[in-house]
Structures are given as C-alpha cells and as structure tokens.
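Reviewing the structure listed below.
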Amino acid sequence: MLRNIDPILSPELLYTLRAMGHGDEIVIADANFPGSSSRPDCIRADGSSASEVLQAVLSVMPLDTFVSDPALTMQVVGDPDAVPDAVADFQSIIDSTADNPAKAQGLERFAFYERAANAFAIVQTGERRLYGNIILKKGVIE
C-alpha cells in the first residue's frame, strides 16, 4: 500500500502510467469495448467503473496542454451531438480533478477504435453504461 495513491491504481496500472511519456495515450474503456483484441497491453479493472478509473488516473497523471484535444470520447452512432451519461460524468471528473481541465472532444466510433489501437495501453473496466470510453493524452510535469 502507498499513501495518497488511489487503491484503484493497481501495480500494473501505476507502472504503465509511470512508463508513459509526454504525448502517449491511454484508453479507459467500458465492459463492451474490444480491449484485448485492440491492444496486447490491456489492463483489467473489471471491478471498477470507467469514472472511478478516470478519477484515479487523473489524480496522478497530467493532461497534455500542447494539444486542443487531450481527452477524447466515442460519439454516439447516428447522433454525434448526443452526450451520454458516462461522457457527462467524465467531463465533470475532468473539470474537478485534472490539473489542466479541458473539454472532452467526440470522435466517431471507428476513428476512436483506430486511435485506441495505437494507444500505449487500454484499461478495460467493468463500466456498463454505453459509450463509457475515453482516451487521455499524457502531459508533462512542470
């Protein structure tokens, strides 16, 4: 156990976050996301929601300030302007927890999958809300 570290951050996830460099991306995915087939580096967090993992990750990882879209969510198929409950929750967490809050930008479903396939890692959560997926770009510690 460590002080001031959210227990949701497993040893594997902490290692991954520490190994990531500036500009690397990590995906926090819902239970329906094809995490294992998208990336060989799929960290399981089945007992946690995507919101809980997002909160824990943002407590230790800075968001990139050199890009306009350090947080990307998956758009609703057929209704790209819709804001699912999970996405609204993500934005609240970013606003309250991120060192540099930013507005989460939507990405078309297949573009999201393609971006996720190139991420540093995917964290597969037990999130059951639809569209509970977010990609975060790591920033720098100043």
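In the structure tokens, the first chain shown is A, the next is B, and so on; residue numbers restart at 1 for each chain, and ligands run from 1 in the order shown.
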
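For Met20 (chain A), the non-local neighbours within 10 Å, defined as residues at least 6 positions apart in the same chain or in other chains and counting only C-alpha atoms, are Ile26, Met61, Phe120, Ala121, Lys137, Lys138 and Gly139 of chain A.
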
Next item on the list: Enumerate the residues of region 18-96 of chain A with a DSSP assignment of alpha helix (DSSP H), computed from the backbone, and present them as a ChimeraX atom specification.
Entry: /A:18-19,35-38,50-58,85-96

Notebook entry, point to check: Which of these, A:Glu108, A:Asp64, A:Glu114, A:Glu52, has the shortest distance to Ile93 (chain A) once you count only C-alpha atoms?
Noted result: A:Glu52

Check: What's the 12 Å shell around Ser48 (chain A), counting only C-alpha atoms, without same-chain residues fewer than 2 positions away, as an MDAnalysis selection string?
Finding: chainID A and resid 7:10 28:31 44:46 50:56 123:128

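Residues in contact range of Met74 (chain A), defined as at most 9 Å between only C-alpha atoms, with sequence neighbours fewer than 3 positions away removed, read A:Val77, A:Pro80, A:Val87, A:Gln105, A:Gly106, A:Leu107, A:Glu108, A:Arg109, A:Phe110, A:Ala111, A:Phe112, A:Tyr113, A:Tyr131, A:Gly132, A:Asn133, A:Ile134, A:Ile135.
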
Can I get the selection written as a PDB file, in the first residue's frame, with N, CA and C atoms?
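Result file again.pdb:
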ATOM      1  N   VAL A  77     -23.318   6.578 -32.122  1.00  0.00           N
ATOM      2  CA  VAL A  77     -23.573   6.224 -33.512  1.00  0.00           C
ATOM      3  C   VAL A  77     -24.932   6.785 -33.933  1.00  0.00           C
ATOM      4  N   PRO A  80     -24.058  12.150 -33.257  1.00  0.00           N
ATOM      5  CA  PRO A  80     -22.754  12.585 -32.745  1.00  0.00           C
ATOM      6  C   PRO A  80     -22.810  13.743 -31.743  1.00  0.00           C
ATOM      7  N   VAL A  87     -20.294  10.094 -20.525  1.00  0.00           N
ATOM      8  CA  VAL A  87     -19.479  11.194 -21.037  1.00  0.00           C
ATOM      9  C   VAL A  87     -19.682  12.464 -20.200  1.00  0.00           C
ATOM     10  N   GLN A 105     -13.508  15.982 -26.340  1.00  0.00           N
ATOM     11  CA  GLN A 105     -13.941  16.061 -27.733  1.00  0.00           C
ATOM     12  C   GLN A 105     -14.455  14.700 -28.181  1.00  0.00           C
ATOM     13  N   GLY A 106     -15.468  14.679 -29.029  1.00  0.00           N
ATOM     14  CA  GLY A 106     -16.027  13.433 -29.535  1.00  0.00           C
ATOM     15  C   GLY A 106     -15.289  12.951 -30.770  1.00  0.00           C
ATOM     16  N   LEU A 107     -15.207  11.643 -30.903  1.00  0.00           N
ATOM     17  CA  LEU A 107     -14.559  11.019 -32.048  1.00  0.00           C
ATOM     18  C   LEU A 107     -15.488   9.926 -32.565  1.00  0.00           C
ATOM     19  N   GLU A 108     -15.662   9.858 -33.875  1.00  0.00           N
ATOM     20  CA  GLU A 108     -16.511   8.848 -34.500  1.00  0.00           C
ATOM     21  C   GLU A 108     -16.046   7.456 -34.055  1.00  0.00           C
ATOM     22  N   ARG A 109     -16.989   6.528 -33.921  1.00  0.00           N
ATOM     23  CA  ARG A 109     -16.733   5.199 -33.342  1.00  0.00           C
ATOM     24  C   ARG A 109     -15.511   4.497 -33.930  1.00  0.00           C
ATOM     25  N   PHE A 110     -15.435   4.367 -35.251  1.00  0.00           N
ATOM     26  CA  PHE A 110     -14.331   3.622 -35.848  1.00  0.00           C
ATOM     27  C   PHE A 110     -13.022   4.402 -35.778  1.00  0.00           C
ATOM     28  N   ALA A 111     -13.094   5.717 -35.811  1.00  0.00           N
ATOM     29  CA  ALA A 111     -11.897   6.533 -35.600  1.00  0.00           C
ATOM     30  C   ALA A 111     -11.396   6.367 -34.163  1.00  0.00           C
ATOM     31  N   PHE A 112     -12.336   6.240 -33.221  1.00  0.00           N
ATOM     32  CA  PHE A 112     -11.967   6.001 -31.822  1.00  0.00           C
ATOM     33  C   PHE A 112     -11.256   4.661 -31.699  1.00  0.00           C
ATOM     34  N   TYR A 113     -11.809   3.602 -32.327  1.00  0.00           N
ATOM     35  CA  TYR A 113     -11.177   2.280 -32.278  1.00  0.00           C
ATOM     36  C   TYR A 113      -9.761   2.326 -32.859  1.00  0.00           C
ATOM     37  N   TYR A 131     -21.090   3.844 -24.178  1.00  0.00           N
ATOM     38  CA  TYR A 131     -20.172   4.919 -24.562  1.00  0.00           C
ATOM     39  C   TYR A 131     -19.309   5.389 -23.388  1.00  0.00           C
ATOM     40  N   GLY A 132     -19.007   4.480 -22.480  1.00  0.00           N
ATOM     41  CA  GLY A 132     -18.157   4.793 -21.330  1.00  0.00           C
ATOM     42  C   GLY A 132     -16.695   4.603 -21.648  1.00  0.00           C
ATOM     43  N   ASN A 133     -16.223   5.273 -22.709  1.00  0.00           N
ATOM     44  CA  ASN A 133     -14.850   5.136 -23.194  1.00  0.00           C
ATOM     45  C   ASN A 133     -14.211   6.513 -23.342  1.00  0.00           C
ATOM     46  N   ILE A 134     -12.943   6.615 -22.937  1.00  0.00           N
ATOM     47  CA  ILE A 134     -12.243   7.884 -23.065  1.00  0.00           C
ATOM     48  C   ILE A 134     -10.763   7.619 -23.312  1.00  0.00           C
ATOM     49  N   ILE A 135     -10.164   8.447 -24.135  1.00  0.00           N
ATOM     50  CA  ILE A 135      -8.729   8.398 -24.413  1.00  0.00           C
ATOM     51  C   ILE A 135      -8.116   9.665 -23.807  1.00  0.00           C
TER      52      ILE A 135
END

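One distance worth recording is that between CA of Pro70 (chain A) and CA of Leu136 (chain A), which is 5.6 Å.
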
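You can rank A:Leu72, A:Ala88, A:Val60, A:Ser37 by their closest distance to Arg18 (chain A) using only C-alpha atoms, and at the top of that list sits A:Val60.
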
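Nearest to Lys103 (chain A) of all the residues A:Ala19, A:Val57, A:Ala71, A:Leu63 is A:Ala71, counting only C-alpha atoms.
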
Next item on the list: Once DSSP has gone over the backbone, tell me which residues of chain A are in strand (DSSP E or B), as number ranges by chain.
Entry: A: 25-29, 42-45, 63, 71-74, 76, 79, 105-107, 121-125, 134-138

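Of the residues under consideration (A:Asp6, A:Asp69, A:Asp79, A:Asp41), A:Asp41 shows the shortest atom-to-atom contact distance to Ala117 (chain A) when counting only C-alpha atoms.
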
Margin query: What's the separation between CA of Val83 (chain A) and CA of Thr97 (chain A), in Å to one decimal place?
Written below: 19.9 Å
